[in-house]
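The data block below is upload07.txt; it holds compact mmCIF, C-alpha atoms and all ligand atoms.
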```txt
# COMPACT_ATOMS: atom_id res chain seq x y z
CA MET H 1 4.12 39.14 -57.40
CA SER H 2 3.39 39.87 -61.07
CA PHE H 3 3.81 37.11 -63.63
CA LYS H 4 6.74 38.99 -65.11
CA GLU H 5 8.52 38.90 -61.73
CA LEU H 6 7.80 35.21 -61.34
CA PHE H 7 8.80 34.45 -64.93
CA ASP H 8 12.11 36.27 -64.49
CA THR H 9 13.10 33.93 -61.68
CA TYR H 10 13.30 31.07 -64.22
CA GLN H 11 15.96 30.31 -66.81
CA TRP H 12 14.89 28.58 -70.02
CA GLU H 13 17.92 26.24 -70.02
CA ASP H 14 17.38 25.15 -66.39
CA VAL H 15 13.75 24.32 -67.07
CA GLU H 16 14.67 22.37 -70.18
CA LYS H 17 17.25 20.35 -68.23
CA SER H 18 14.91 19.64 -65.34
CA ILE H 19 12.23 18.30 -67.71
CA THR H 20 14.71 16.02 -69.45
CA ALA H 21 15.89 14.75 -66.04
CA LYS H 22 12.43 13.46 -65.06
CA THR H 23 12.30 9.69 -64.64
CA ALA H 24 9.74 6.91 -65.04
CA ARG H 25 9.25 7.04 -61.26
CA ASP H 26 8.37 10.75 -61.44
CA VAL H 27 5.81 9.96 -64.13
CA GLU H 28 4.27 7.19 -62.04
CA ILE H 29 4.00 9.54 -59.03
CA ALA H 30 2.27 12.15 -61.20
CA LEU H 31 -0.11 9.57 -62.65
CA ALA H 32 -1.12 8.40 -59.18
CA LYS H 33 -2.13 11.89 -58.03
CA ASP H 34 -5.55 13.51 -58.23
CA ARG H 35 -4.01 16.96 -58.47
CA CYS H 36 -0.72 17.44 -60.29
CA ASP H 37 1.61 20.32 -59.51
CA LEU H 38 4.09 21.94 -61.87
CA GLU H 39 6.80 19.38 -61.10
CA ASP H 40 4.34 16.60 -61.96
CA PHE H 41 3.48 18.45 -65.15
CA LYS H 42 7.16 18.47 -66.07
CA ALA H 43 7.23 14.70 -65.62
CA LEU H 44 4.12 14.24 -67.77
CA ILE H 45 5.56 16.20 -70.69
CA SER H 46 9.04 14.67 -70.34
CA PRO H 47 10.47 12.02 -72.68
CA ALA H 48 10.18 9.60 -69.73
CA ALA H 49 6.38 9.81 -70.00
CA LEU H 50 6.09 8.60 -73.58
CA PRO H 51 5.87 4.89 -72.60
CA TYR H 52 2.96 5.86 -70.30
CA LEU H 53 0.93 7.52 -73.01
CA GLU H 54 -1.86 4.97 -72.93
CA GLN H 55 -2.34 5.43 -69.17
CA MET H 56 -2.21 9.19 -69.54
CA ALA H 57 -4.80 9.06 -72.32
CA GLN H 58 -7.18 6.93 -70.28
CA LYS H 59 -6.93 9.18 -67.25
CA SER H 60 -7.26 12.29 -69.37
CA HIS H 61 -10.39 10.84 -71.00
CA GLN H 62 -11.95 10.02 -67.62
CA ASN H 63 -11.16 13.41 -66.11
CA THR H 64 -12.57 15.18 -69.15
CA LEU H 65 -15.75 13.08 -69.10
CA ARG H 66 -16.29 13.89 -65.42
CA ARG H 67 -16.02 17.64 -65.94
CA PHE H 68 -17.34 18.19 -69.49
CA GLY H 69 -19.37 15.08 -70.38
CA LYS H 70 -19.39 13.92 -73.98
CA THR H 71 -19.48 17.38 -75.45
CA MET H 72 -17.38 19.37 -77.89
CA GLN H 73 -17.70 23.13 -78.25
CA LEU H 74 -17.59 24.35 -81.83
CA TYR H 75 -16.40 27.78 -82.93
CA VAL H 76 -15.42 29.44 -86.16
CA PRO H 77 -12.89 32.20 -86.91
CA LEU H 78 -13.93 35.31 -88.81
CA TYR H 79 -10.88 37.08 -90.24
CA LEU H 80 -11.72 40.77 -90.37
CA SER H 81 -8.41 42.02 -91.75
CA ASN H 82 -4.99 40.88 -92.91
CA LYS H 83 -3.32 44.25 -92.29
CA CYS H 84 -0.44 43.96 -89.89
CA HIS H 85 2.44 46.21 -88.82
CA ASN H 86 4.48 43.34 -87.43
CA SER H 87 6.95 41.14 -89.22
CA CYS H 88 6.68 37.77 -87.48
CA VAL H 89 8.90 35.54 -89.58
CA TYR H 90 6.45 32.63 -89.46
CA CYS H 91 3.29 34.39 -90.65
CA GLY H 92 1.76 35.07 -94.07
CA PHE H 93 0.36 38.42 -92.88
CA SER H 94 3.82 39.82 -92.02
CA VAL H 95 4.21 43.44 -93.16
CA LYS H 96 7.12 42.22 -95.30
CA ASN H 97 4.93 39.96 -97.46
CA LYS H 98 3.60 41.70 -100.57
CA ILE H 99 0.00 40.57 -100.43
CA HIS H 100 -3.28 42.28 -101.14
CA ARG H 101 -4.43 43.83 -97.84
CA ARG H 102 -7.98 44.42 -96.88
CA VAL H 103 -10.17 45.34 -93.94
CA LEU H 104 -13.77 44.14 -94.10
CA THR H 105 -16.42 46.86 -94.22
CA ASP H 106 -19.68 46.64 -92.29
CA SER H 107 -21.56 45.22 -95.25
CA GLU H 108 -18.79 42.73 -95.99
CA ILE H 109 -18.84 41.58 -92.36
CA MET H 110 -22.57 40.98 -92.66
CA GLN H 111 -22.10 38.98 -95.87
CA GLU H 112 -19.66 36.75 -94.03
CA VAL H 113 -22.05 36.46 -91.10
CA GLU H 114 -24.83 35.19 -93.34
CA VAL H 115 -22.70 32.24 -94.44
CA ILE H 116 -21.38 31.57 -90.91
CA LYS H 117 -24.85 31.67 -89.37
CA GLY H 118 -26.02 29.29 -92.09
CA MET H 119 -23.48 26.81 -90.76
CA GLY H 120 -25.05 27.00 -87.30
CA PHE H 121 -22.31 28.73 -85.32
CA GLU H 122 -23.05 30.70 -82.14
CA HIS H 123 -19.42 31.18 -81.07
CA LEU H 124 -17.42 33.51 -83.27
CA LEU H 125 -13.68 34.16 -83.04
CA LEU H 126 -12.77 37.55 -84.54
CA VAL H 127 -9.24 37.59 -85.94
CA THR H 128 -7.17 40.48 -87.27
CA GLY H 129 -3.51 41.21 -87.87
CA GLU H 130 -1.97 43.74 -85.51
CA SER H 131 -2.75 47.13 -86.95
CA PRO H 132 -4.08 49.41 -84.23
CA ARG H 133 -4.83 52.30 -86.62
CA GLU H 134 -7.00 50.33 -89.06
CA VAL H 135 -8.32 47.56 -86.82
CA GLY H 136 -7.90 49.00 -83.34
CA VAL H 137 -10.37 49.35 -80.54
CA ASP H 138 -12.81 51.58 -82.47
CA TYR H 139 -13.01 49.20 -85.42
CA LEU H 140 -13.51 46.22 -83.10
CA LYS H 141 -16.09 48.05 -81.03
CA ASN H 142 -18.10 48.69 -84.17
CA ALA H 143 -17.66 45.08 -85.37
CA ILE H 144 -18.80 43.66 -82.03
CA ARG H 145 -21.84 45.95 -82.07
CA LEU H 146 -22.73 44.65 -85.51
CA LEU H 147 -22.18 41.02 -84.59
CA ARG H 148 -23.57 40.90 -81.07
CA PRO H 149 -27.22 40.37 -82.09
CA HIS H 150 -26.21 37.35 -84.18
CA PHE H 151 -23.91 35.39 -81.86
CA ALA H 152 -23.98 34.16 -78.27
CA GLN H 153 -20.20 34.31 -77.83
CA ILE H 154 -17.73 36.71 -79.40
CA THR H 155 -14.05 36.16 -78.76
CA CYS H 156 -11.16 38.20 -80.17
CA GLU H 157 -7.72 37.17 -81.34
CA VAL H 158 -6.26 40.57 -82.13
CA GLN H 159 -3.36 42.78 -81.05
CA PRO H 160 -2.71 42.95 -77.29
CA MET H 161 -4.30 46.04 -75.78
CA ASP H 162 -4.32 48.13 -72.64
CA GLN H 163 -6.69 47.27 -69.82
CA ALA H 164 -9.02 50.20 -70.60
CA ASP H 165 -9.46 48.99 -74.20
CA TYR H 166 -10.37 45.53 -73.00
CA GLU H 167 -12.88 47.04 -70.59
CA THR H 168 -14.43 48.96 -73.49
CA LEU H 169 -14.74 45.86 -75.67
CA ALA H 170 -16.03 43.70 -72.82
CA ALA H 171 -18.75 46.27 -72.22
CA GLU H 172 -19.73 45.92 -75.89
CA GLY H 173 -20.17 42.17 -75.50
CA MET H 174 -16.72 40.68 -76.09
CA HIS H 175 -16.70 37.47 -74.10
CA GLY H 176 -13.12 36.28 -74.42
CA VAL H 177 -9.64 37.01 -75.80
CA TYR H 178 -7.07 34.56 -77.10
CA VAL H 179 -3.50 35.81 -76.89
CA TYR H 180 -0.68 33.39 -77.59
CA GLN H 181 2.81 34.16 -76.36
CA GLU H 182 4.21 32.40 -79.48
CA THR H 183 7.41 31.60 -77.58
CA PHE H 184 8.35 31.99 -73.93
CA ASN H 185 12.01 31.93 -74.89
CA LYS H 186 12.81 35.58 -74.14
CA ASP H 187 16.26 35.49 -75.70
CA ARG H 188 15.07 34.00 -78.98
CA TYR H 189 11.78 35.95 -79.14
CA PRO H 190 13.33 38.94 -80.99
CA GLU H 191 14.49 36.70 -83.85
CA TYR H 192 10.89 35.78 -84.62
CA HIS H 193 9.44 39.21 -83.92
CA PRO H 194 12.02 41.65 -85.25
CA ALA H 195 9.83 44.74 -85.61
CA GLY H 196 6.55 46.34 -84.67
CA LYS H 197 4.82 46.44 -81.33
CA LYS H 198 4.91 42.68 -81.05
CA ALA H 199 8.67 42.94 -80.54
CA ASP H 200 7.88 43.91 -76.92
CA PHE H 201 8.08 40.50 -75.22
CA TYR H 202 6.86 41.65 -71.83
CA TYR H 203 3.88 43.66 -73.10
CA ARG H 204 2.62 40.44 -74.68
CA LEU H 205 3.49 38.33 -71.62
CA GLU H 206 1.50 40.61 -69.35
CA THR H 207 -1.58 40.73 -71.59
CA PRO H 208 -3.50 37.95 -69.79
CA GLU H 209 -3.08 39.85 -66.52
CA ARG H 210 -4.52 43.00 -68.11
CA LEU H 211 -7.41 40.86 -69.33
CA GLY H 212 -7.91 39.53 -65.83
CA HIS H 213 -7.95 43.04 -64.39
CA ALA H 214 -10.40 44.11 -67.12
CA GLY H 215 -12.79 41.34 -66.10
CA VAL H 216 -12.87 39.59 -69.49
CA HIS H 217 -14.61 36.26 -68.98
CA LYS H 218 -12.39 33.90 -70.90
CA VAL H 219 -8.68 34.07 -71.68
CA GLY H 220 -7.06 31.77 -74.22
CA LEU H 221 -3.36 30.97 -73.88
CA GLY H 222 -0.96 29.11 -76.13
CA ALA H 223 2.51 28.83 -77.62
CA LEU H 224 3.23 28.39 -81.30
CA ILE H 225 4.67 24.90 -81.64
CA GLY H 226 7.59 24.91 -84.06
CA LEU H 227 9.71 27.81 -82.83
CA GLU H 228 11.48 26.51 -79.73
CA GLU H 229 11.78 23.26 -77.80
CA TRP H 230 8.12 22.44 -77.16
CA ARG H 231 8.39 20.84 -73.72
CA THR H 232 9.93 23.95 -72.20
CA GLU H 233 7.33 26.14 -73.95
CA LEU H 234 4.54 24.07 -72.44
CA PHE H 235 6.02 24.23 -68.97
CA PHE H 236 5.96 28.05 -69.09
CA LEU H 237 2.44 27.90 -70.50
CA ALA H 238 1.31 25.70 -67.62
CA MET H 239 3.05 28.02 -65.17
CA HIS H 240 1.26 31.00 -66.70
CA LEU H 241 -2.09 29.21 -66.48
CA ASN H 242 -1.42 28.24 -62.88
CA TYR H 243 -0.52 31.80 -61.93
CA LEU H 244 -3.59 33.28 -63.65
CA GLU H 245 -6.01 30.76 -62.18
CA LYS H 246 -4.88 31.65 -58.69
CA LYS H 247 -4.95 35.40 -59.25
CA PHE H 248 -8.06 35.67 -61.46
CA TRP H 249 -10.05 32.68 -60.30
CA GLN H 250 -13.32 33.91 -61.79
CA THR H 251 -11.90 33.91 -65.31
CA LYS H 252 -12.24 30.84 -67.55
CA TYR H 253 -9.15 29.62 -69.39
CA SER H 254 -8.49 27.88 -72.63
CA ILE H 255 -5.28 26.33 -73.96
CA SER H 256 -4.51 25.87 -77.66
CA PHE H 257 -1.77 23.88 -79.33
CA PRO H 258 -1.11 25.55 -82.70
CA ARG H 259 1.46 23.54 -84.63
CA MET H 260 3.05 25.59 -87.38
CA ARG H 261 1.42 25.22 -90.80
CA PRO H 262 2.61 26.16 -94.30
CA PHE H 263 2.10 29.82 -95.24
CA THR H 264 3.35 32.45 -97.69
CA GLY H 265 6.93 33.27 -96.72
CA GLY H 266 8.24 29.76 -96.22
CA PHE H 267 9.73 29.83 -92.67
CA GLN H 268 10.59 26.27 -91.70
CA PRO H 269 9.81 25.12 -88.15
CA ASN H 270 12.88 24.75 -85.91
CA VAL H 271 11.14 22.07 -83.91
CA ILE H 272 8.84 19.29 -84.99
CA MET H 273 6.29 17.95 -82.53
CA SER H 274 4.99 14.52 -83.56
CA ASP H 275 1.32 13.53 -83.30
CA ARG H 276 2.20 11.28 -80.37
CA GLU H 277 3.89 14.17 -78.59
CA LEU H 278 0.88 16.42 -79.17
CA VAL H 279 -1.33 13.75 -77.61
CA GLN H 280 1.10 13.66 -74.68
CA ALA H 281 0.87 17.44 -74.31
CA ILE H 282 -2.95 17.45 -74.38
CA CYS H 283 -3.18 14.67 -71.80
CA ALA H 284 -0.57 16.35 -69.59
CA PHE H 285 -2.62 19.56 -69.53
CA ARG H 286 -5.79 17.66 -68.68
CA LEU H 287 -4.07 15.83 -65.81
CA PHE H 288 -2.66 19.14 -64.61
CA ASP H 289 -5.97 20.99 -64.80
CA ASN H 290 -9.45 19.43 -64.92
CA GLU H 291 -11.22 22.72 -65.57
CA VAL H 292 -9.30 24.19 -68.48
CA GLU H 293 -10.77 24.15 -71.97
CA LEU H 294 -8.43 22.42 -74.44
CA SER H 295 -8.86 23.54 -78.01
CA ILE H 296 -7.70 22.10 -81.30
CA SER H 297 -8.05 23.93 -84.60
CA THR H 298 -8.36 22.95 -88.25
CA ARG H 299 -4.56 23.19 -88.48
CA GLU H 300 -4.66 19.49 -87.60
CA SER H 301 -5.72 16.75 -90.03
CA ALA H 302 -9.22 15.28 -90.01
CA ALA H 303 -8.05 11.79 -88.99
CA PHE H 304 -5.92 13.13 -86.14
CA ARG H 305 -8.69 15.43 -84.86
CA ASP H 306 -11.07 12.48 -84.82
CA ASN H 307 -8.67 10.62 -82.56
CA LEU H 308 -8.27 13.60 -80.25
CA VAL H 309 -11.99 13.80 -79.45
CA LYS H 310 -11.70 11.30 -76.61
CA LEU H 311 -8.33 12.38 -75.29
CA GLY H 312 -9.14 15.57 -73.43
CA VAL H 313 -9.95 18.15 -76.09
CA THR H 314 -13.14 20.14 -75.39
CA ALA H 315 -13.30 22.72 -78.21
CA MET H 316 -12.75 22.60 -81.96
CA SER H 317 -12.97 25.06 -84.79
CA ALA H 318 -14.75 23.85 -87.91
CA GLY H 319 -15.32 24.99 -91.48
CA SER H 320 -12.60 27.62 -90.98
CA LYS H 321 -11.31 30.16 -93.50
CA THR H 322 -8.14 32.00 -92.50
CA ASN H 323 -8.43 34.89 -94.95
CA PRO H 324 -10.51 38.06 -94.63
CA GLY H 325 -13.68 37.61 -96.65
CA GLY H 326 -12.97 33.90 -96.98
CA TYR H 327 -16.57 32.71 -96.46
CA ALA H 328 -18.41 34.94 -98.92
CA VAL H 329 -16.75 38.20 -99.95
CA SER H 330 -13.47 37.19 -101.54
CA PRO H 331 -12.54 33.55 -101.00
CA GLU H 332 -9.41 33.99 -103.13
CA THR H 333 -7.48 36.34 -100.76
CA LEU H 334 -4.36 34.97 -99.10
CA GLU H 335 -4.86 32.69 -96.10
CA GLN H 336 -2.84 33.28 -92.93
CA PHE H 337 -1.95 29.59 -93.03
CA ASN H 338 -3.28 26.52 -94.85
CA ILE H 339 -5.91 24.59 -92.98
CA ASN H 340 -5.67 20.81 -92.73
CA ASP H 341 -9.19 19.67 -91.87
CA ASP H 342 -11.56 21.14 -94.47
CA ARG H 343 -14.69 19.24 -93.46
CA THR H 344 -17.92 21.19 -93.11
CA PRO H 345 -19.43 21.76 -89.65
CA VAL H 346 -22.14 19.23 -90.56
CA GLU H 347 -19.48 16.63 -91.24
CA ILE H 348 -17.73 17.45 -87.95
CA CYS H 349 -21.04 17.06 -86.09
CA GLU H 350 -21.62 13.67 -87.73
CA MET H 351 -18.13 12.58 -86.74
CA LEU H 352 -18.78 13.67 -83.14
CA ARG H 353 -22.14 11.88 -83.07
CA SER H 354 -20.56 8.70 -84.37
CA LYS H 355 -18.32 8.78 -81.30
CA GLY H 356 -21.23 9.40 -78.95
CA TYR H 357 -20.39 13.10 -78.53
CA GLU H 358 -22.63 16.11 -78.80
CA ALA H 359 -21.65 19.36 -80.53
CA VAL H 360 -22.16 22.42 -78.32
CA TRP H 361 -22.75 25.60 -80.29
CA LYS H 362 -23.23 27.82 -77.28
CA ASP H 363 -22.21 27.58 -73.63
CA TRP H 364 -22.48 31.23 -72.79
CA ASP H 365 -25.05 33.98 -73.11
CA ILE H 366 -24.52 37.68 -72.48
CA SER H 367 -27.53 37.65 -70.13
CA MET H 368 -25.41 35.58 -67.71
CA ILE H 369 -23.52 38.74 -66.80
CA ALA H 370 -26.70 40.09 -65.24
CA LEU H 371 -27.14 36.83 -63.31
CA GLU H 372 -23.61 37.00 -61.95
CA SER H 373 -23.77 40.58 -60.71
S1 LIG H 401 1.39 36.49 -86.35
FE1 LIG H 401 -0.06 38.14 -86.04
S2 LIG H 401 1.22 39.87 -85.51
FE2 LIG H 401 2.57 38.39 -86.48
S3 LIG H 401 2.61 38.99 -88.64
FE3 LIG H 401 0.99 37.44 -88.36
S4 LIG H 401 -0.88 38.61 -88.07
FE4 LIG H 401 0.86 39.98 -87.73
```
Turn this file's structure into structure tokens for me.
Ligand code: SF4
Amino acid sequence: MSFKELFDTYQWEDVEKSITAKTARDVEIALAKDRCDLEDFKALISPAALPYLEQMAQKSHQNTLRRFGKTMQLYVPLYLSNKCHNSCVYCGFSVKNKIHRRVLTDSEIMQEVEVIKGMGFEHLLLVTGESPREVGVDYLKNAIRLLRPHFAQITCEVQPMDQADYETLAAEGMHGVYVYQETFNKDRYPEYHPAGKKADFYYRLETPERLGHAGVHKVGLGALIGLEEWRTELFFLAMHLNYLEKKFWQTKYSISFPRMRPFTGGFQPNVIMSDRELVQAICAFRLFDNEVELSISTRESAAFRDNLVKLGVTAMSAGSKTNPGGYAVSPETLEQFNINDDRTPVEICEMLRSKGYEAVWKDWDISMIALES
């Protein structure tokens, strides 16, 4: 069964109701288990679980320590372009926003790289708007070729592509792809994505499966927190992860929790997730899945990120710029969204050390492909 077929057997409203109906007893049963299933996950993200947050946090910490040790992977985004043909109502790069558009040239990419390498990064996240003509597979292929000698890990957060395109980029050295569904609420999805290719809900939903078929090593999943009721979003996210892990068990997975940030355009979130609720969500994912990487970006404040270190998170961005050319070429161009934690990578490392954690700059090398085959 494809994920689309499975997904279509669920109704958003039914899921929402069943999460709200979970009781303290359901939470206690989930907390007592070594392996939680999707019903347990519902209990852990339900309102009934909030009084159990301390227990969840302790268990999440222990499980994370057992699997990952006291480590935190660090990565940095490199925005290659702010051109986009879509009109997502929550994004500063929407085609409707009159902003200066640019696509970094080869020499501009290398200028950015010099600054990023100076910060110590080995894991680079390439980000573009969705503009297949200007920043499609050929542009990315060239960018990865340029960047590959300088970084151990190259991940892309770009427009969803066909399987053959992913195969091409993986062969060039692309290690992973992050593709967030934004919202799993199929009925409301068109309101947020009124035009462009991103309006195709199912093409986006089926992207992780195409990545699995293409043999891409790591797939990052997420929902944008702020559009629709977050508990129901996270249930579908967990269901997607569960499906993918069974079908593509050799792939690594990562979950992100992007809470909406201010941007040019001024869309106001429909849903607010409190810090406490975000902690609940992170712990719930850890109790549901001991292997998955949990990532938290510079969207979150410094003080809050410091607290998350011991709660299950295993990857953090640092020193991020969310505009093309932001590190060296043209720091003044418009950001996709405002960042919240503007500490340097050195400061982040010091913070991690003060908590007894070690920053990991690299946990992958392209030569491992040869070892695997
Ligand atoms: S979220 Fe992505 S696809 Fe949507 S407007 Fe922004 S850059 Fe374009």
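Minimum atom-to-atom distances from H:Phe285, H:Tyr166, H:Phe337, H:Phe236 to ligand LIG 401 (chain H) were compared using all atoms listed in the file, and the lowest value belongs to H:Phe337.
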Next item on the list: Rank H:Ser131, H:Thr20, H:Ser317, H:Thr105 by their smallest atom-to-atom distance to Arg305 in chain H, using all atoms listed in the file, and report the top residue only.
Entry: H:Ser317
Item checked: Exercise: residues within 7 Å of coordinate (-12.4, 21.3, -75.2), counting all atoms listed in the file, as a VMD selection string -> chain H and resid 72 to 73 293 to 295 312 to 316
Checklist line | Contacts of range 171-185 of chain H at 8 Å (only C-alpha atoms; same-chain gap of 4+ positions) as a PyMOL selection string | finding: chain H and resi 12+141+144-145+148+153-158+160+167+189+204-205+207-208+211+216-225+227-228+233+236-237+366
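Of the listed residues (H:Val15, H:Ala21, H:Ala199, H:Val115), H:Ala199 comes nearest to ligand LIG 401 (chain H); the distances count all atoms listed in the file.
Identified as lying at most 7 Å from ligand LIG 401 (chain H) when counting all atoms listed in the file are the residues Asn82, Cys84, His85, Asn86, Ser87, Cys88, Cys91, Gly92, Phe93, Ser94, Val95, Thr128, Gly129, Glu130 and Lys198 of chain H.
What separates CA of Leu244 in chain H from CA of Val27 in chain H is a distance of 25.1 Å.
Distance-wise, CA of Ala195 in chain H and CA of Glu229 in chain H end up 22.9 Å apart.
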Next item on the list: Quote the spacing between CA of Asp187 in chain H and CA of Ile272 in chain H in Å to one decimal place.
Entry: 20.1 Å
Determine, counting all atoms listed in the file, which protein, DNA and RNA residues have an atom within 8 Å of an atom of Gly319 in chain H; residues of the same chain fewer than 5 positions away are not included. Present the result as a PDB file with C-alpha atoms, keeping the file's coordinate frame.
```pdb
ATOM      1  CA  VAL H  76     -15.420  29.440 -86.160  1.00  0.00           C
ATOM      2  CA  THR H 298      -8.360  22.950 -88.250  1.00  0.00           C
ATOM      3  CA  ASP H 342     -11.560  21.140 -94.470  1.00  0.00           C
ATOM      4  CA  ARG H 343     -14.690  19.240 -93.460  1.00  0.00           C
ATOM      5  CA  THR H 344     -17.920  21.190 -93.110  1.00  0.00           C
ATOM      6  CA  PRO H 345     -19.430  21.760 -89.650  1.00  0.00           C
TER       7      PRO H 345
END
```
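Nearest residue to Phe235 in chain H among H:Arg25, H:Lys17, H:Arg210, H:Lys197 is H:Lys17, counting all atoms listed in the file.
With all atoms listed in the file as the atoms that count, the minimum distance from Leu74 in chain H to the choices H:Lys252, H:Arg276, H:His193, H:His123 is reached by H:His123.
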Item checked: Spatial sel., origin (6.1, 14.9, -64.2), limit 9 Å, all atoms listed in the file, listed as number ranges by chain -> H: 19, 22-31, 36-46, 48-49, 284
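Distances to Ser274 in chain H were evaluated for H:Val292, H:Leu50, H:Ile339, H:Leu104 using only C-alpha atoms, and the minimum falls at H:Leu50.
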